[in-house]
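**Q** Okay, so here is target_7.txt, and as you'll see once you scroll down, it has compact mmCIF, N, CA and C atoms.
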```
# COMPACT_ATOMS: atom_id res chain seq x y z
N MET L 1 108.83 92.97 103.05
CA MET L 1 108.85 93.05 104.50
C MET L 1 107.41 93.01 105.00
N ALA L 2 107.12 92.13 105.91
CA ALA L 2 105.76 91.99 106.42
C ALA L 2 105.74 92.22 107.92
N LYS L 3 104.69 92.89 108.35
CA LYS L 3 104.47 93.08 109.78
C LYS L 3 103.10 92.53 110.07
N GLU L 4 102.97 91.83 111.18
CA GLU L 4 101.70 91.24 111.51
C GLU L 4 101.42 91.43 112.99
N SER L 5 100.18 91.77 113.32
CA SER L 5 99.81 91.91 114.71
C SER L 5 99.08 90.66 115.15
N THR L 6 99.07 90.41 116.44
CA THR L 6 98.38 89.25 116.97
C THR L 6 97.14 89.66 117.75
N SER L 7 96.64 90.87 117.52
CA SER L 7 95.45 91.33 118.20
C SER L 7 94.24 90.53 117.74
N LYS L 8 93.14 90.69 118.46
CA LYS L 8 91.92 89.98 118.14
C LYS L 8 91.51 90.23 116.69
N GLU L 9 91.68 91.43 116.24
CA GLU L 9 91.37 91.79 114.86
C GLU L 9 92.63 91.58 114.04
N LEU L 10 92.67 90.52 113.28
CA LEU L 10 93.87 90.21 112.49
C LEU L 10 94.08 91.25 111.40
N GLU L 11 95.28 91.82 111.40
CA GLU L 11 95.61 92.74 110.32
C GLU L 11 97.08 92.60 109.97
N ALA L 12 97.41 92.99 108.77
CA ALA L 12 98.79 92.88 108.29
C ALA L 12 99.11 94.06 107.38
N VAL L 13 100.40 94.32 107.26
CA VAL L 13 100.91 95.35 106.36
C VAL L 13 101.99 94.71 105.50
N TYR L 14 101.92 94.93 104.20
CA TYR L 14 102.96 94.43 103.31
C TYR L 14 103.51 95.59 102.50
N ALA L 15 104.81 95.76 102.56
CA ALA L 15 105.49 96.81 101.79
C ALA L 15 105.95 96.22 100.47
N LEU L 16 105.39 96.74 99.38
CA LEU L 16 105.81 96.29 98.07
C LEU L 16 107.26 96.68 97.83
N PRO L 17 108.00 95.86 97.08
CA PRO L 17 109.40 96.18 96.82
C PRO L 17 109.56 97.29 95.80
N ARG L 18 110.78 97.78 95.68
CA ARG L 18 111.10 98.87 94.76
C ARG L 18 110.86 98.48 93.30
N VAL L 19 111.20 97.23 92.95
CA VAL L 19 111.06 96.75 91.58
C VAL L 19 110.00 95.66 91.52
N MET L 20 108.99 95.88 90.68
CA MET L 20 107.91 94.91 90.48
C MET L 20 107.77 94.60 89.00
N GLU L 21 108.87 94.18 88.42
CA GLU L 21 108.88 93.81 87.00
C GLU L 21 108.91 92.30 86.88
N ILE L 22 108.70 91.80 85.68
CA ILE L 22 108.57 90.36 85.45
C ILE L 22 109.72 89.55 86.05
N SER L 23 110.91 90.10 86.04
CA SER L 23 112.06 89.38 86.59
C SER L 23 111.99 89.23 88.11
N GLU L 24 111.17 90.02 88.77
CA GLU L 24 111.05 89.99 90.22
C GLU L 24 109.72 89.43 90.71
N VAL L 25 108.79 89.15 89.80
CA VAL L 25 107.44 88.75 90.19
C VAL L 25 107.44 87.47 91.03
N GLU L 26 108.26 86.51 90.71
CA GLU L 26 108.28 85.26 91.47
C GLU L 26 108.62 85.50 92.93
N LYS L 27 109.58 86.37 93.20
CA LYS L 27 109.96 86.67 94.58
C LYS L 27 108.81 87.36 95.31
N VAL L 28 108.17 88.32 94.65
CA VAL L 28 107.04 89.02 95.27
C VAL L 28 105.90 88.03 95.51
N TYR L 29 105.65 87.15 94.54
CA TYR L 29 104.62 86.13 94.70
C TYR L 29 104.89 85.28 95.94
N GLN L 30 106.13 84.86 96.12
CA GLN L 30 106.47 84.06 97.29
C GLN L 30 106.26 84.85 98.59
N ASP L 31 106.55 86.15 98.55
CA ASP L 31 106.33 87.01 99.72
C ASP L 31 104.85 87.07 100.09
N ILE L 32 104.00 87.29 99.10
CA ILE L 32 102.58 87.47 99.41
C ILE L 32 101.85 86.14 99.61
N LEU L 33 102.43 85.06 99.13
CA LEU L 33 101.82 83.75 99.31
C LEU L 33 101.61 83.44 100.79
N GLN L 34 102.52 83.90 101.64
CA GLN L 34 102.39 83.66 103.08
C GLN L 34 101.09 84.26 103.64
N PHE L 35 100.61 85.34 103.03
CA PHE L 35 99.40 85.99 103.52
C PHE L 35 98.13 85.24 103.13
N THR L 36 98.23 84.30 102.19
CA THR L 36 97.05 83.55 101.79
C THR L 36 96.75 82.42 102.76
N GLN L 37 97.63 82.19 103.71
CA GLN L 37 97.46 81.11 104.67
C GLN L 37 96.59 81.50 105.85
N LYS L 38 96.27 82.78 106.00
CA LYS L 38 95.45 83.27 107.09
C LYS L 38 94.34 84.14 106.54
N THR L 39 93.36 84.40 107.38
CA THR L 39 92.29 85.31 107.01
C THR L 39 92.48 86.59 107.80
N TYR L 40 92.49 87.70 107.12
CA TYR L 40 92.69 89.00 107.75
C TYR L 40 91.41 89.82 107.67
N GLU L 41 91.18 90.61 108.69
CA GLU L 41 90.08 91.56 108.64
C GLU L 41 90.53 92.82 107.92
N LYS L 42 91.78 93.21 108.12
CA LYS L 42 92.34 94.40 107.48
C LYS L 42 93.71 94.06 106.90
N PHE L 43 93.95 94.57 105.71
CA PHE L 43 95.25 94.37 105.07
C PHE L 43 95.65 95.68 104.43
N THR L 44 96.85 96.14 104.74
CA THR L 44 97.35 97.40 104.20
C THR L 44 98.53 97.13 103.28
N ILE L 45 98.49 97.73 102.12
CA ILE L 45 99.59 97.62 101.17
C ILE L 45 100.32 98.95 101.13
N ASP L 46 101.61 98.89 101.42
CA ASP L 46 102.47 100.07 101.41
C ASP L 46 103.19 100.10 100.06
N ALA L 47 102.86 101.08 99.24
CA ALA L 47 103.43 101.17 97.89
C ALA L 47 104.49 102.25 97.77
N GLY L 48 104.94 102.80 98.87
CA GLY L 48 105.84 103.94 98.86
C GLY L 48 107.21 103.72 98.23
N GLU L 49 107.66 102.49 98.17
CA GLU L 49 108.99 102.21 97.61
C GLU L 49 108.97 101.85 96.13
N VAL L 50 107.81 101.59 95.57
CA VAL L 50 107.73 101.12 94.18
C VAL L 50 108.20 102.20 93.22
N ALA L 51 109.25 101.86 92.47
CA ALA L 51 109.80 102.78 91.47
C ALA L 51 109.63 102.25 90.06
N LEU L 52 109.63 100.91 89.92
CA LEU L 52 109.49 100.28 88.61
C LEU L 52 108.43 99.18 88.70
N ILE L 53 107.48 99.21 87.77
CA ILE L 53 106.46 98.16 87.72
C ILE L 53 106.06 97.97 86.27
N ASP L 54 105.81 96.72 85.91
CA ASP L 54 105.34 96.42 84.56
C ASP L 54 104.00 95.68 84.66
N ALA L 55 103.51 95.21 83.51
CA ALA L 55 102.20 94.55 83.48
C ALA L 55 102.17 93.30 84.36
N ALA L 56 103.27 92.55 84.41
CA ALA L 56 103.30 91.34 85.24
C ALA L 56 103.17 91.70 86.72
N GLY L 57 103.87 92.73 87.14
CA GLY L 57 103.76 93.18 88.53
C GLY L 57 102.37 93.67 88.85
N MET L 58 101.76 94.38 87.90
CA MET L 58 100.41 94.89 88.10
C MET L 58 99.40 93.76 88.19
N GLN L 59 99.56 92.75 87.35
CA GLN L 59 98.67 91.60 87.40
C GLN L 59 98.75 90.89 88.75
N LEU L 60 99.94 90.77 89.28
CA LEU L 60 100.11 90.13 90.58
C LEU L 60 99.39 90.92 91.67
N ILE L 61 99.55 92.22 91.66
CA ILE L 61 98.87 93.06 92.65
C ILE L 61 97.36 92.91 92.53
N VAL L 62 96.84 93.00 91.33
CA VAL L 62 95.39 92.91 91.12
C VAL L 62 94.86 91.56 91.59
N GLN L 63 95.54 90.49 91.24
CA GLN L 63 95.08 89.16 91.66
C GLN L 63 95.12 89.01 93.18
N PHE L 64 96.12 89.58 93.81
CA PHE L 64 96.21 89.54 95.27
C PHE L 64 95.07 90.33 95.90
N LEU L 65 94.76 91.49 95.33
CA LEU L 65 93.64 92.29 95.83
C LEU L 65 92.32 91.54 95.68
N ILE L 66 92.12 90.89 94.54
CA ILE L 66 90.90 90.11 94.31
C ILE L 66 90.80 89.00 95.35
N PHE L 67 91.91 88.32 95.61
CA PHE L 67 91.91 87.26 96.61
C PHE L 67 91.54 87.81 97.99
N LEU L 68 92.20 88.89 98.41
CA LEU L 68 91.93 89.45 99.73
C LEU L 68 90.46 89.84 99.87
N ARG L 69 89.93 90.49 98.86
CA ARG L 69 88.53 90.92 98.91
C ARG L 69 87.57 89.73 98.96
N SER L 70 87.94 88.65 98.29
CA SER L 70 87.07 87.46 98.28
C SER L 70 86.95 86.83 99.66
N THR L 71 87.90 87.13 100.53
CA THR L 71 87.84 86.59 101.90
C THR L 71 87.14 87.55 102.85
N GLY L 72 86.65 88.67 102.32
CA GLY L 72 85.96 89.66 103.15
C GLY L 72 86.90 90.63 103.83
N CYS L 73 88.14 90.64 103.41
CA CYS L 73 89.16 91.51 104.00
C CYS L 73 88.99 92.95 103.52
N GLN L 74 89.18 93.88 104.44
CA GLN L 74 89.19 95.31 104.09
C GLN L 74 90.62 95.67 103.69
N VAL L 75 90.80 96.15 102.46
CA VAL L 75 92.13 96.46 101.94
C VAL L 75 92.30 97.98 101.87
N SER L 76 93.49 98.44 102.25
CA SER L 76 93.78 99.87 102.13
C SER L 76 95.22 100.04 101.64
N TRP L 77 95.50 101.24 101.13
CA TRP L 77 96.82 101.60 100.62
C TRP L 77 97.42 102.69 101.49
N ILE L 78 98.74 102.65 101.66
CA ILE L 78 99.46 103.77 102.24
C ILE L 78 100.63 104.09 101.33
N ASN L 79 101.07 105.32 101.38
CA ASN L 79 102.22 105.75 100.58
C ASN L 79 102.05 105.41 99.10
N ASP L 80 101.06 106.03 98.48
CA ASP L 80 100.76 105.77 97.08
C ASP L 80 101.99 105.83 96.18
N SER L 81 101.92 105.06 95.12
CA SER L 81 102.97 105.03 94.10
C SER L 81 102.39 105.52 92.79
N VAL L 82 102.94 106.59 92.26
CA VAL L 82 102.50 107.11 90.97
C VAL L 82 102.67 106.04 89.90
N GLN L 83 103.75 105.28 89.97
CA GLN L 83 104.04 104.26 88.96
C GLN L 83 102.93 103.21 88.92
N ILE L 84 102.45 102.78 90.07
CA ILE L 84 101.39 101.78 90.11
C ILE L 84 100.13 102.31 89.44
N PHE L 85 99.75 103.52 89.78
CA PHE L 85 98.52 104.06 89.23
C PHE L 85 98.65 104.40 87.74
N GLN L 86 99.85 104.74 87.28
CA GLN L 86 100.06 104.98 85.85
C GLN L 86 99.91 103.70 85.05
N ILE L 87 100.58 102.62 85.50
CA ILE L 87 100.49 101.36 84.75
C ILE L 87 99.08 100.79 84.83
N ALA L 88 98.41 100.97 85.96
CA ALA L 88 97.02 100.50 86.09
C ALA L 88 96.13 101.23 85.09
N ALA L 89 96.32 102.54 84.94
CA ALA L 89 95.54 103.32 83.98
C ALA L 89 95.82 102.87 82.55
N GLU L 90 97.09 102.61 82.24
CA GLU L 90 97.46 102.16 80.90
C GLU L 90 96.83 100.81 80.57
N LEU L 91 96.67 99.97 81.58
CA LEU L 91 96.12 98.63 81.38
C LEU L 91 94.61 98.58 81.60
N GLY L 92 94.02 99.72 81.98
CA GLY L 92 92.59 99.76 82.25
C GLY L 92 92.19 99.07 83.54
N LEU L 93 93.12 99.04 84.50
CA LEU L 93 92.88 98.33 85.76
C LEU L 93 92.74 99.26 86.97
N GLU L 94 92.64 100.55 86.75
CA GLU L 94 92.61 101.49 87.88
C GLU L 94 91.46 101.20 88.82
N GLY L 95 90.34 100.72 88.31
CA GLY L 95 89.20 100.39 89.17
C GLY L 95 89.50 99.23 90.11
N GLN L 96 90.41 98.37 89.74
CA GLN L 96 90.78 97.23 90.59
C GLN L 96 91.58 97.65 91.82
N LEU L 97 92.17 98.84 91.78
CA LEU L 97 93.01 99.30 92.89
C LEU L 97 92.21 100.00 93.98
N GLU L 98 90.97 100.34 93.67
CA GLU L 98 90.16 101.07 94.63
C GLU L 98 89.86 100.22 95.85
N CYS L 99 89.83 100.88 96.98
CA CYS L 99 89.55 100.18 98.24
C CYS L 99 88.10 100.35 98.63
```
The structure given in the file should be rewritten as structure tokens.
**A**
Amino acid sequence: MAKESTSKELEAVYALPRVMEISEVEKVYQDILQFTQKTYEKFTIDAGEVALIDAAGMQLIVQFLIFLRSTGCQVSWINDSVQIFQIAAELGLEGQLEC
């Protein structure tokens, strides 16, 4: 689910789905692909619903964060997910999640 404002300062919020495992990564990829078509000053990722995530889901999140940052976008998180931070720690990617 995406919400977008049309204010002078472009910003968006994307709520990650409940399941971010390899079987669902293509759908999530298609969801976030729409955000690569614009440049945002602020982007918020809502992780409150994430209950299941694997390495494929984590890789997708990290690559999306790298992309957003490369455009100069300020990224923030709301509604942290313990699952995301656990898998990131297991994969040595916790530093990639920092805003």
**Q** If you run DSSP on the backbone here, which positions in chain L get strand (DSSP E or B)? Please write them as a PyMOL selection string.
**A** chain L and resi 2-4+11-15+19-20+42-46+52-53+74-78
**Q** Wanna dump the range 21-42 of chain L-range 54-67 of chain L contacts at 8 Å for me, each residue with its shortest atom pair and the distance in Å to one decimal, counting all atoms listed in the file, ordered by chain and number, as a tab-separated table?
**A**
```
residue	atom	partner	partner_atom	distance
L:Glu21	CA	L:Asp54	N	4.4
L:Ile22	N	L:Gly57	N	5.1
L:Ser23	N	L:Gly57	N	7.6
L:Glu24	C	L:Gly57	CA	7.4
L:Val25	CA	L:Gly57	CA	6.0
L:Val28	C	L:Leu60	CA	7.9
L:Tyr29	CA	L:Leu60	CA	7.3
L:Ile32	CA	L:Phe64	CA	7.9
L:Thr36	CA	L:Phe67	C	7.9
```
**Q** Create the file for the chosen residues now, containing N, CA and C atoms and written as a CSV table (one decimal), keeping the file's coordinate frame.
**A**
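Saved result, out-v8.csv, follows:
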```csv
chain,number,residue,atom,x,y,z
L,21,GLU,N,108.9,94.2,88.4
L,21,GLU,CA,108.9,93.8,87.0
L,21,GLU,C,108.9,92.3,86.9
L,22,ILE,N,108.7,91.8,85.7
L,22,ILE,CA,108.6,90.4,85.4
L,22,ILE,C,109.7,89.6,86.0
L,23,SER,N,110.9,90.1,86.0
L,23,SER,CA,112.1,89.4,86.6
L,23,SER,C,112.0,89.2,88.1
L,24,GLU,N,111.2,90.0,88.8
L,24,GLU,CA,111.0,90.0,90.2
L,24,GLU,C,109.7,89.4,90.7
L,25,VAL,N,108.8,89.2,89.8
L,25,VAL,CA,107.4,88.8,90.2
L,25,VAL,C,107.4,87.5,91.0
L,28,VAL,N,108.2,88.3,94.6
L,28,VAL,CA,107.0,89.0,95.3
L,28,VAL,C,105.9,88.0,95.5
L,29,TYR,N,105.6,87.2,94.5
L,29,TYR,CA,104.6,86.1,94.7
L,29,TYR,C,104.9,85.3,95.9
L,32,ILE,N,104.0,87.3,99.1
L,32,ILE,CA,102.6,87.5,99.4
L,32,ILE,C,101.8,86.1,99.6
L,36,THR,N,98.2,84.3,102.2
L,36,THR,CA,97.0,83.6,101.8
L,36,THR,C,96.8,82.4,102.8
```
**Q** Go through L:Gly72, L:Ala47, L:Ile53, L:Lys42 one by one, measure the shortest atom-to-atom distance of each to Val19 in chain L using all atoms listed in the file, and give the residue with the smallest value.
**A**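 Of all the options, L:Ile53 lies closest to Val19 in chain L.
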**Q** Quick one: of L:Leu52, L:Val13, L:Leu68, L:Ile45, who's nearest to Asp80 in chain L, counting only C-alpha atoms?
**A** L:Ile45
**Q** Measure the distance from CA of Arg69 in chain L to CA of Arg18 in chain L in Å and round it to one decimal.
**A** 24.3 Å
**Q** To one decimal place, how far is CA of Leu10 in chain L from CA of Thr44 in chain L in Å?
**A**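 So the answer is 11.5 Å.
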**Q** What does the distance from atom C of Leu33 in chain L to atom N of Gln86 in chain L come to in Å, to one decimal?
**A** 25.3 Å
**Q** Name the residues of chain L that come out as helix (DSSP H, G or I) in a backbone DSSP run; write them as number ranges by chain.
**A** L: 25-37, 55-70, 82-91, 94-97
**Q** Between L:Gln74, L:Phe85, L:Gln30, L:Gly48, which is the closest to Leu16 in chain L once you count only C-alpha atoms?
**A**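 Checking each of L:Gln74, L:Phe85, L:Gln30, L:Gly48 against Leu16 in chain L, counting only C-alpha atoms, the winner is L:Gly48.
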**Q** May I ask which of the residues L:Ala88, L:Gln96, L:Glu49, L:Phe43 is the closest one to Ala12 in chain L, counting only N, CA and C atoms?
**A**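 When distances to Ala12 in chain L are compared using only N, CA and C atoms, the smallest one comes from L:Phe43.
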